$ cat run17.cif   # mmCIF, C-alpha atoms
data_protein
#
loop_
_atom_site.label_atom_id
_atom_site.label_comp_id
_atom_site.auth_asym_id
_atom_site.auth_seq_id
_atom_site.Cartn_x
_atom_site.Cartn_y
_atom_site.Cartn_z
CA MET A 25 92.57 128.70 -7.38
CA LYS A 26 94.31 129.77 -4.21
CA SER A 27 96.16 132.97 -5.11
CA ILE A 28 95.56 136.47 -6.39
CA ASP A 29 97.64 135.64 -9.48
CA ALA A 30 95.31 132.75 -10.31
CA LEU A 31 92.27 134.97 -9.88
CA VAL A 32 93.81 137.58 -12.17
CA ALA A 33 94.57 134.93 -14.80
CA ALA A 34 90.96 133.74 -14.66
CA GLY A 35 89.66 137.28 -15.12
CA LEU A 36 87.98 137.36 -11.71
CA VAL A 37 89.91 140.35 -10.34
CA GLU A 38 91.93 143.18 -11.79
CA PRO A 39 95.66 143.34 -11.01
CA ASP A 40 95.89 145.29 -7.75
CA PRO A 41 98.84 145.02 -5.35
CA THR A 42 96.57 146.13 -2.50
CA LEU A 43 94.46 143.00 -2.91
CA ARG A 44 97.43 140.88 -1.87
CA ALA A 45 96.94 142.17 1.66
CA VAL A 46 93.61 140.35 1.73
CA ALA A 47 95.26 137.10 0.62
CA GLU A 48 97.91 137.48 3.31
CA LYS A 49 95.22 137.76 5.96
CA TYR A 50 92.48 135.38 4.78
CA ALA A 51 92.68 132.15 2.77
CA ILE A 52 91.50 132.01 -0.84
CA GLY A 53 90.03 128.92 -2.46
CA ILE A 54 87.83 128.51 -5.55
CA THR A 55 87.19 125.08 -7.04
CA PRO A 56 86.49 124.38 -10.74
CA ALA A 57 82.84 123.69 -9.86
CA VAL A 58 82.50 127.14 -8.28
CA LEU A 59 84.37 128.82 -11.14
CA ASP A 60 81.79 127.39 -13.54
CA LEU A 61 79.03 129.11 -11.55
CA ILE A 62 80.61 132.58 -11.57
CA ASP A 63 79.58 135.15 -14.16
CA SER A 64 82.77 137.18 -14.50
CA ASN A 65 80.96 139.72 -16.67
CA ASP A 66 78.59 140.67 -13.86
CA PRO A 67 80.21 142.97 -11.27
CA ALA A 68 77.40 142.13 -8.83
CA ASP A 69 77.45 138.37 -9.43
CA PRO A 70 76.21 136.63 -6.25
CA MET A 71 78.54 133.67 -6.71
CA ALA A 72 81.62 135.84 -7.15
CA ARG A 73 80.58 137.87 -4.12
CA GLN A 74 80.69 134.73 -1.95
CA PHE A 75 84.14 133.53 -3.01
CA VAL A 76 86.21 136.26 -4.72
CA PRO A 77 88.19 138.47 -2.29
CA THR A 78 87.70 142.23 -2.22
CA LEU A 79 89.35 145.17 -0.49
CA ALA A 80 86.25 145.54 1.69
CA GLU A 81 87.62 142.64 3.75
CA LEU A 82 90.34 144.92 5.10
CA ILE A 83 87.73 147.11 6.82
CA THR A 84 87.10 145.98 10.40
CA THR A 85 84.33 147.58 12.44
CA PRO A 86 84.46 147.98 16.24
CA GLU A 87 81.88 145.27 16.98
CA GLU A 88 83.63 142.58 14.91
CA ARG A 89 85.46 139.75 16.65
CA ALA A 90 88.07 137.15 15.71
CA ASP A 91 85.90 134.51 17.42
CA PRO A 92 82.41 135.96 16.84
CA ILE A 93 80.34 133.06 18.19
CA GLY A 94 82.60 132.25 21.14
CA ASP A 95 83.93 128.82 20.14
CA LEU A 96 87.06 129.23 22.24
CA ALA A 97 85.08 129.91 25.42
CA HIS A 98 83.53 126.44 25.13
CA SER A 99 86.57 124.45 23.95
CA PRO A 100 87.70 122.27 26.86
CA ILE A 101 90.29 120.55 24.68
CA GLU A 102 91.63 121.00 21.15
CA GLY A 103 89.04 120.12 18.49
CA ILE A 104 85.99 120.06 20.80
CA VAL A 105 83.38 122.77 21.32
CA HIS A 106 80.87 121.82 24.04
CA ARG A 107 78.30 124.61 24.17
CA TYR A 108 75.10 122.59 24.81
CA PRO A 109 74.76 119.62 27.20
CA ASP A 110 73.76 116.91 24.70
CA ARG A 111 75.97 117.71 21.72
CA VAL A 112 79.50 118.70 20.78
CA LEU A 113 81.29 120.05 17.77
CA LEU A 114 84.23 117.97 16.63
CA LYS A 115 86.57 120.08 14.49
CA ALA A 116 88.88 117.47 13.05
CA VAL A 117 90.20 119.71 10.28
CA HIS A 118 90.45 123.45 9.69
CA VAL A 119 90.83 123.53 5.92
CA CYS A 120 88.14 123.82 3.26
CA PRO A 121 87.86 123.23 -0.50
CA VAL A 122 86.65 126.84 -0.83
CA TYR A 123 86.93 129.85 1.46
CA CYS A 124 83.77 131.90 1.85
CA ARG A 125 84.50 135.60 2.19
CA PHE A 126 81.94 135.89 5.02
CA CYS A 127 83.19 132.90 7.05
CA PHE A 128 82.71 133.26 10.81
CA ARG A 129 85.81 131.10 11.41
CA ARG A 130 87.99 132.91 8.87
CA GLU A 131 90.65 133.62 11.52
CA MET A 132 90.96 129.88 12.24
CA VAL A 133 90.71 128.15 8.84
CA GLY A 134 93.05 127.86 5.89
CA PRO A 135 96.79 127.32 5.53
CA GLN A 136 97.50 129.95 8.21
CA GLY A 137 94.81 128.53 10.50
CA LEU A 138 94.68 125.82 13.14
CA GLY A 139 95.35 122.91 10.76
CA THR A 140 94.27 119.30 11.18
CA LEU A 141 94.10 117.58 14.57
CA THR A 142 97.11 115.42 15.33
CA SER A 143 96.52 111.74 16.13
CA ALA A 144 96.99 112.47 19.83
CA GLU A 145 94.55 115.41 19.71
CA LEU A 146 91.95 113.32 17.89
CA ASP A 147 92.38 110.50 20.43
CA ALA A 148 91.79 113.00 23.24
CA ALA A 149 88.71 114.42 21.50
CA ILE A 150 87.19 110.95 21.04
CA ALA A 151 87.98 110.12 24.66
CA TYR A 152 86.25 113.33 25.79
CA ILE A 153 83.09 112.26 23.93
CA ALA A 154 83.26 108.68 25.22
CA GLU A 155 83.58 109.80 28.83
CA ARG A 156 80.43 111.95 28.80
CA GLU A 157 77.20 109.99 28.52
CA GLU A 158 75.13 113.15 28.07
CA ILE A 159 76.57 113.60 24.57
CA TRP A 160 73.88 112.31 22.19
CA GLU A 161 75.07 114.07 19.01
CA VAL A 162 78.48 114.71 17.49
CA ILE A 163 78.67 117.45 14.85
CA LEU A 164 81.63 117.24 12.47
CA THR A 165 82.58 120.71 11.32
CA GLY A 166 85.74 122.71 10.94
CA GLY A 167 86.88 123.62 8.28
CA ASP A 168 85.01 121.15 6.12
CA PRO A 169 85.14 117.54 7.32
CA LEU A 170 84.49 116.17 3.84
CA VAL A 171 87.95 117.25 2.69
CA LEU A 172 89.12 114.17 4.59
CA SER A 173 89.51 110.98 2.59
CA PRO A 174 86.83 108.28 2.77
CA ARG A 175 89.35 106.11 4.63
CA ARG A 176 89.86 108.70 7.35
CA LEU A 177 86.15 109.45 7.59
CA ARG A 178 85.35 105.75 7.84
CA ASP A 179 87.88 105.37 10.65
CA LEU A 180 86.33 108.32 12.47
CA MET A 181 82.81 106.90 12.10
CA GLU A 182 83.95 103.49 13.32
CA ARG A 183 85.40 105.09 16.44
CA LEU A 184 82.17 106.98 17.08
CA ALA A 185 80.19 103.77 16.47
CA GLU A 186 81.88 102.27 19.52
CA ILE A 187 80.38 104.97 21.77
CA ASP A 188 76.91 103.73 22.69
CA HIS A 189 75.47 107.01 23.96
CA VAL A 190 76.24 108.82 20.69
CA LYS A 191 73.22 108.25 18.48
CA ILE A 192 73.48 111.05 15.89
CA VAL A 193 76.46 112.10 13.78
CA ARG A 194 76.03 115.29 11.79
CA PHE A 195 78.36 116.69 9.11
CA HIS A 196 78.42 120.37 8.10
CA THR A 197 79.80 120.77 4.59
CA ARG A 198 80.04 122.74 1.37
CA VAL A 199 81.52 119.82 -0.58
CA PRO A 200 78.38 118.54 -2.38
CA VAL A 201 78.03 122.00 -3.94
CA VAL A 202 81.62 123.14 -4.45
CA GLU A 203 83.37 119.81 -5.13
CA PRO A 204 80.55 117.39 -5.99
CA GLU A 205 82.86 114.85 -7.58
CA ARG A 206 84.07 113.92 -4.09
CA ILE A 207 80.63 112.54 -3.27
CA ASP A 208 81.17 109.06 -4.72
CA ASP A 209 80.11 105.66 -3.43
CA ALA A 210 83.17 105.39 -1.17
CA MET A 211 82.45 108.76 0.44
CA VAL A 212 78.77 107.98 1.01
CA ALA A 213 79.63 104.62 2.60
CA ALA A 214 82.23 106.27 4.84
CA LEU A 215 79.63 108.62 6.33
CA THR A 216 77.48 105.90 7.86
CA ALA A 217 78.05 103.53 10.77
CA SER A 218 76.08 100.78 12.47
CA GLY A 219 73.81 102.06 15.21
CA LYS A 220 74.17 105.72 14.24
CA THR A 221 71.92 108.01 12.24
CA THR A 222 73.85 110.32 9.94
CA TYR A 223 72.68 113.83 9.11
CA LEU A 224 74.44 116.07 6.63
CA ALA A 225 73.89 119.84 6.63
CA VAL A 226 74.41 121.22 3.13
CA HIS A 227 75.58 124.84 3.03
CA ALA A 228 74.26 126.79 0.03
CA ASN A 229 73.27 130.44 -0.24
CA HIS A 230 71.99 130.93 -3.79
CA PRO A 231 69.80 128.80 -6.08
CA ARG A 232 72.50 128.83 -8.76
CA GLU A 233 74.50 126.52 -6.48
CA PHE A 234 72.14 123.64 -7.36
CA SER A 235 74.10 122.61 -10.43
CA PRO A 236 73.41 119.27 -12.16
CA ALA A 237 76.54 117.82 -10.51
CA ALA A 238 75.45 119.07 -7.08
CA ARG A 239 71.97 117.60 -7.57
CA ALA A 240 73.54 114.25 -8.44
CA ALA A 241 75.67 114.44 -5.27
CA PHE A 242 72.59 115.17 -3.15
CA ARG A 243 70.83 112.18 -4.71
CA ARG A 244 73.73 109.84 -3.95
CA LEU A 245 73.77 110.99 -0.33
CA SER A 246 70.03 110.63 0.23
CA GLU A 247 69.88 107.28 -1.52
CA GLY A 248 72.75 106.18 0.72
CA GLY A 249 70.54 106.65 3.78
CA ILE A 250 71.88 110.04 4.88
CA VAL A 251 69.35 112.63 6.06
CA LEU A 252 69.95 116.01 4.43
CA ILE A 253 69.23 119.37 6.04
CA SER A 254 70.24 122.87 4.99
CA GLN A 255 72.11 125.83 6.34
CA SER A 256 72.39 129.21 4.65
CA VAL A 257 73.64 132.65 5.60
CA LEU A 258 71.56 135.75 4.86
CA LEU A 259 74.00 137.84 2.80
CA LYS A 260 73.66 141.32 1.34
CA GLY A 261 73.98 141.17 -2.43
CA VAL A 262 73.62 137.38 -2.53
CA ASN A 263 70.22 136.33 -1.23
CA ASP A 264 68.71 139.31 0.59
CA ASP A 265 65.54 139.45 -1.49
CA VAL A 266 62.44 137.33 -1.10
CA ASP A 267 62.46 135.84 -4.62
CA THR A 268 66.03 134.55 -4.27
CA LEU A 269 65.38 133.18 -0.79
CA ALA A 270 62.19 131.46 -1.95
CA ALA A 271 64.00 129.86 -4.90
CA LEU A 272 66.84 128.74 -2.60
CA MET A 273 64.51 127.08 -0.10
CA ARG A 274 62.44 125.44 -2.81
CA GLY A 275 65.66 124.17 -4.36
CA PHE A 276 66.61 122.52 -1.11
CA VAL A 277 63.23 120.78 -0.79
CA GLU A 278 63.29 119.64 -4.42
CA ASN A 279 66.60 117.94 -3.64
CA ARG A 280 65.32 116.16 -0.49
CA ILE A 281 67.07 118.67 1.76
CA LYS A 282 64.95 119.98 4.64
CA PRO A 283 65.50 123.72 5.24
CA TYR A 284 66.97 124.11 8.71
CA TYR A 285 68.87 127.30 9.59
CA LEU A 286 69.06 130.68 7.91
CA HIS A 287 71.89 132.39 9.79
CA HIS A 288 72.08 136.10 10.44
CA PRO A 289 75.65 137.00 9.37
CA ASP A 290 78.14 136.85 12.22
CA LEU A 291 80.41 139.65 13.40
CA ALA A 292 83.52 138.22 11.75
CA PRO A 293 86.32 140.66 10.87
CA GLY A 294 86.05 142.28 7.46
CA THR A 295 82.52 141.06 6.71
CA GLY A 296 80.47 144.20 7.30
CA HIS A 297 79.69 144.50 3.57
CA PHE A 298 77.72 141.25 3.81
CA ARG A 299 75.59 142.10 6.83
CA VAL A 300 71.93 143.01 6.61
CA SER A 301 69.99 144.53 9.47
CA VAL A 302 68.02 142.30 11.82
CA GLU A 303 64.86 144.18 10.83
CA SER A 304 65.48 143.46 7.14
CA GLY A 305 66.08 139.80 7.85
CA GLN A 306 62.92 139.52 9.90
CA ALA A 307 60.92 141.15 7.10
CA LEU A 308 62.34 138.75 4.52
CA VAL A 309 61.58 135.69 6.61
CA ALA A 310 58.06 136.96 7.30
CA ALA A 311 57.55 137.47 3.56
CA LEU A 312 58.31 133.79 2.96
CA ARG A 313 55.26 132.85 5.03
CA GLY A 314 52.39 132.11 2.72
CA ARG A 315 54.57 132.63 -0.34
CA ILE A 316 56.15 129.18 -0.20
CA SER A 317 55.24 125.83 1.34
CA GLY A 318 55.72 125.16 5.03
CA LEU A 319 58.23 122.51 3.96
CA CYS A 320 60.45 125.34 2.72
CA GLN A 321 60.53 127.54 5.85
CA PRO A 322 63.93 127.90 7.58
CA THR A 323 64.50 129.06 11.14
CA TYR A 324 66.15 132.51 11.19
CA VAL A 325 68.88 132.38 13.84
CA LEU A 326 71.55 134.55 15.39
CA ASP A 327 74.61 133.07 17.07
CA ILE A 328 74.82 135.37 20.08
CA PRO A 329 78.33 136.87 20.32
CA GLY A 330 80.32 135.64 23.27
CA GLY A 331 79.41 131.97 23.07
CA HIS A 332 75.82 132.11 24.34
CA GLY A 333 74.37 129.92 21.58
CA LYS A 334 71.73 130.41 18.92
CA ALA A 335 68.52 132.41 19.24
CA ASP A 336 65.51 132.31 16.92
CA ILE A 337 65.37 135.98 15.94
CA GLY A 338 62.23 135.55 13.90
CA ALA A 339 60.46 134.96 17.24
CA ALA A 340 60.08 136.43 20.71
CA SER A 341 63.69 135.80 21.72
CA ILE A 342 64.73 139.22 20.37
CA VAL A 343 63.30 142.67 21.10
CA GLY A 344 64.35 146.15 20.03
CA ARG A 345 64.63 148.32 16.97
CA ASP A 346 66.88 150.76 15.10
CA GLY A 347 69.79 148.35 15.26
CA CYS A 348 69.79 147.95 19.06
CA PHE A 349 68.42 144.68 20.43
CA THR A 350 68.21 142.47 23.48
CA VAL A 351 68.53 138.77 22.65
CA ARG A 352 67.54 135.97 25.02
CA ASP A 353 69.67 132.82 25.00
CA TRP A 354 68.49 129.25 25.62
CA GLN A 355 69.14 129.56 29.35
CA GLY A 356 67.16 132.78 29.72
CA GLY A 357 70.14 135.14 29.80
CA GLU A 358 69.79 138.46 28.01
CA HIS A 359 72.48 140.01 25.81
CA ALA A 360 72.86 143.26 23.90
CA TYR A 361 73.23 142.98 20.12
CA PRO A 362 75.45 144.30 18.76
CA PRO A 363 77.51 143.80 21.92
CA GLY A 364 78.57 147.01 23.60
CA ASP A 365 81.88 145.70 24.96
CA ALA A 366 83.50 144.77 21.65
#
$ encode --input "run17.cif" --output "structure tokens"
Amino acid sequence: MKSIDALVAAGLVEPDPTLRAVAEKYAIGITPAVLDLIDSNDPADPMARQFVPTLAELITTPEERADPIGDLAHSPIEGIVHRYPDRVLLKAVHVCPVYCRFCFRREMVGPQGLGTLTSAELDAAIAYIAEREEIWEVILTGGDPLVLSPRRLRDLMERLAEIDHVKIVRFHTRVPVVEPERIDDAMVAALTASGKTTYLAVHANHPREFSPAARAAFRRLSEGGIVLISQSVLLKGVNDDVDTLAALMRGFVENRIKPYYLHHPDLAPGTGHFRVSVESGQALVAALRGRISGLCQPTYVLDIPGGHGKADIGAASIVGRDGCFTVRDWQGGEHAYPPGDA
């Protein structure tokens, strides 16, 4: 489903001409697998909250930014983000099978977004990686790289396999959860290459996302030799209570997925209704300690606005209270959060 009319027909939203303004601004996408997880009779359903558009998305607060984590400041060429010395993001595609209502790249993805790299742009991106021996890891993101066909993914992996200094290839994706049927033998084979170790970061935010089909997709990936890690976003009304977070992290571990990052929600336009306070997030993460196994503990991180990278905000890299903080980046620089110059 990619339109307000389709959502109305499915009983997910009421007819409301005002809601079309949201669709004109931000992409809509709900797969059959996601539709099966939504309880349309529950107005506070955590799955609907993640994927069904609301008028709250038209409210932009002063601190919100079109590029909240500063991708563009670290993009030397189209498709590459080079924020840290030993790794780069490769954004080969800017479309997704679903469109999360809290997405930090919502201004860049979808039919109105940046699209897929042309052949010439992809050649230039691969050349950029090949020319820089400090690049040890390539992270495929976007958009969702697993919307590409196995043939195109296999070609991409073969090109990366020819670059000796690249040892790790990591994919960030929602596909195993929202379109698990795509994770077939051909897809799994396409994600591996000789001489490279493949990691796949599975994005899920609620334990209900571990459907039987998703669990089967995770199993195919892990049995295919791909290391699975997690990423989640702390979202008001979705997972901002300790029982839900504990069940989510246990669900990852039960599916051979190592909890990795729990992201503080970014300052993307129209997402204020999803944001929790830093203090609340810290309290939730602290409450997980002792409640669940050490295997299940994620790192609570903030992507510092302006392109300064991630900070562990469950630790000493952040100080302050009452919504005003100083965050220290990986190079020792200090930044106000929320930023005062937005």
$ residues_around --input "run17.cif" --residues "stretch 114-131 of chain A" --least-positions-apart "5" --cutoff "7 Å" --atoms "only C-alpha atoms" --output "ChimeraX atom specification"
/A:50-55,74-75,77,90-92,103-105,137-141,162-169,171,290,292,295,298
$ atom_distance --input "run17.cif" --atom1 "atom CA of A:Gly338" --atom2 "atom CA of A:Asp353"
13.6 Å
$ residues_around --input "run17.cif" --residues "A:Cys348" --least-positions-apart "3" --cutoff "9 Å" --atoms "all atoms listed in the file" --output "MDAnalysis selection string"
chainID A and resid 343:345 360:362
$ atom_distance --input "run17.cif" --atom1 "atom CA of A:Ala72" --atom2 "atom CA of A:Ser173"
27.8 Å
$ atom_distance --input "run17.cif" --atom1 "atom CA of A:Glu278" --atom2 "atom CA of A:Phe234"
10.1 Å
$ residues_near_point --input "run17.cif" --point "(80.9, 114.4, -6.0)" --cutoff "12 Å" --atoms "all atoms listed in the file" --output "PDB file with C-alpha atoms, in the coordinates of the input"
ATOM      1  CA  ALA A  57      82.840 123.690  -9.860  1.00  0.00           C
ATOM      2  CA  LEU A 170      84.490 116.170   3.840  1.00  0.00           C
ATOM      3  CA  VAL A 171      87.950 117.250   2.690  1.00  0.00           C
ATOM      4  CA  ARG A 198      80.040 122.740   1.370  1.00  0.00           C
ATOM      5  CA  VAL A 199      81.520 119.820  -0.580  1.00  0.00           C
ATOM      6  CA  PRO A 200      78.380 118.540  -2.380  1.00  0.00           C
ATOM      7  CA  VAL A 201      78.030 122.000  -3.940  1.00  0.00           C
ATOM      8  CA  VAL A 202      81.620 123.140  -4.450  1.00  0.00           C
ATOM      9  CA  GLU A 203      83.370 119.810  -5.130  1.00  0.00           C
ATOM     10  CA  PRO A 204      80.550 117.390  -5.990  1.00  0.00           C
ATOM     11  CA  GLU A 205      82.860 114.850  -7.580  1.00  0.00           C
ATOM     12  CA  ARG A 206      84.070 113.920  -4.090  1.00  0.00           C
ATOM     13  CA  ILE A 207      80.630 112.540  -3.270  1.00  0.00           C
ATOM     14  CA  ASP A 208      81.170 109.060  -4.720  1.00  0.00           C
ATOM     15  CA  ASP A 209      80.110 105.660  -3.430  1.00  0.00           C
ATOM     16  CA  ALA A 210      83.170 105.390  -1.170  1.00  0.00           C
ATOM     17  CA  MET A 211      82.450 108.760   0.440  1.00  0.00           C
ATOM     18  CA  VAL A 212      78.770 107.980   1.010  1.00  0.00           C
ATOM     19  CA  SER A 235      74.100 122.610 -10.430  1.00  0.00           C
ATOM     20  CA  PRO A 236      73.410 119.270 -12.160  1.00  0.00           C
ATOM     21  CA  ALA A 237      76.540 117.820 -10.510  1.00  0.00           C
ATOM     22  CA  ALA A 238      75.450 119.070  -7.080  1.00  0.00           C
ATOM     23  CA  ARG A 239      71.970 117.600  -7.570  1.00  0.00           C
ATOM     24  CA  ALA A 240      73.540 114.250  -8.440  1.00  0.00           C
ATOM     25  CA  ALA A 241      75.670 114.440  -5.270  1.00  0.00           C
ATOM     26  CA  PHE A 242      72.590 115.170  -3.150  1.00  0.00           C
ATOM     27  CA  ARG A 243      70.830 112.180  -4.710  1.00  0.00           C
ATOM     28  CA  ARG A 244      73.730 109.840  -3.950  1.00  0.00           C
ATOM     29  CA  LEU A 245      73.770 110.990  -0.330  1.00  0.00           C
TER      30      LEU A 245
END
$ residues_near_point --input "run17.cif" --point "(86.1, 119.7, 24.2)" --cutoff "12 Å" --atoms "only C-alpha atoms" --output "ChimeraX atom specification"
/A:95-109,111-116,145-156,159,162
$ resolve_selection --input "run17.cif" --expression "the PyMOL selection byres ((chain A and resi 59-67) around 9)" --output "ChimeraX atom specification"
/A:34-37,54-58,68-73,232-233,235
$ closest_residue --input "run17.cif" --among "A:Leu286, A:Ile342, A:Leu172, A:Ala307" --to "A:Gln321" --atoms "only C-alpha atoms"
A:Leu286
$ closest_residue --input "run17.cif" --among "A:Ile281, A:Leu224, A:Val351, A:Leu184" --to "A:Gly333" --atoms "all atoms listed in the file"
A:Val351
$ residues_around --input "run17.cif" --residues "stretch 189-192 of chain A" --least-positions-apart "4" --cutoff "8 Å" --atoms "only C-alpha atoms" --output "number ranges by chain"
A: 157-162, 184-185, 219-223
$ write_last_selection --input "run17.cif" --atoms "C-alpha atoms" --output "PDB file, in the frame of the given file"
ATOM      1  CA  GLU A 157      77.200 109.990  28.520  1.00  0.00           C
ATOM      2  CA  GLU A 158      75.130 113.150  28.070  1.00  0.00           C
ATOM      3  CA  ILE A 159      76.570 113.600  24.570  1.00  0.00           C
ATOM      4  CA  TRP A 160      73.880 112.310  22.190  1.00  0.00           C
ATOM      5  CA  GLU A 161      75.070 114.070  19.010  1.00  0.00           C
ATOM      6  CA  VAL A 162      78.480 114.710  17.490  1.00  0.00           C
ATOM      7  CA  LEU A 184      82.170 106.980  17.080  1.00  0.00           C
ATOM      8  CA  ALA A 185      80.190 103.770  16.470  1.00  0.00           C
ATOM      9  CA  GLY A 219      73.810 102.060  15.210  1.00  0.00           C
ATOM     10  CA  LYS A 220      74.170 105.720  14.240  1.00  0.00           C
ATOM     11  CA  THR A 221      71.920 108.010  12.240  1.00  0.00           C
ATOM     12  CA  THR A 222      73.850 110.320   9.940  1.00  0.00           C
ATOM     13  CA  TYR A 223      72.680 113.830   9.110  1.00  0.00           C
TER      14      TYR A 223
END
$ resolve_selection --input "run17.cif" --expression "the PyMOL selection byres ((chain A and resi 352) around 9)" --output "count of residues only"
15
$ residues_around --input "run17.cif" --residues "A:Gly94" --least-positions-apart "6" --cutoff "8 Å" --atoms "all atoms listed in the file" --output "list in words"
Pro329, Gly330, Gly331 and His332 of chain A
$ closest_residue --input "run17.cif" --among "A:Leu43, A:Tyr324, A:Leu312, A:Glu303" --to "A:Phe349" --atoms "all atoms listed in the file"
A:Glu303
$ residues_around --input "run17.cif" --residues "stretch 270-272 of chain A" --least-positions-apart "3" --cutoff "9 Å" --atoms "all atoms listed in the file" --output "MDAnalysis selection string"
chainID A and resid 228:234 263 265:267 275:277 312 315:316 320:321
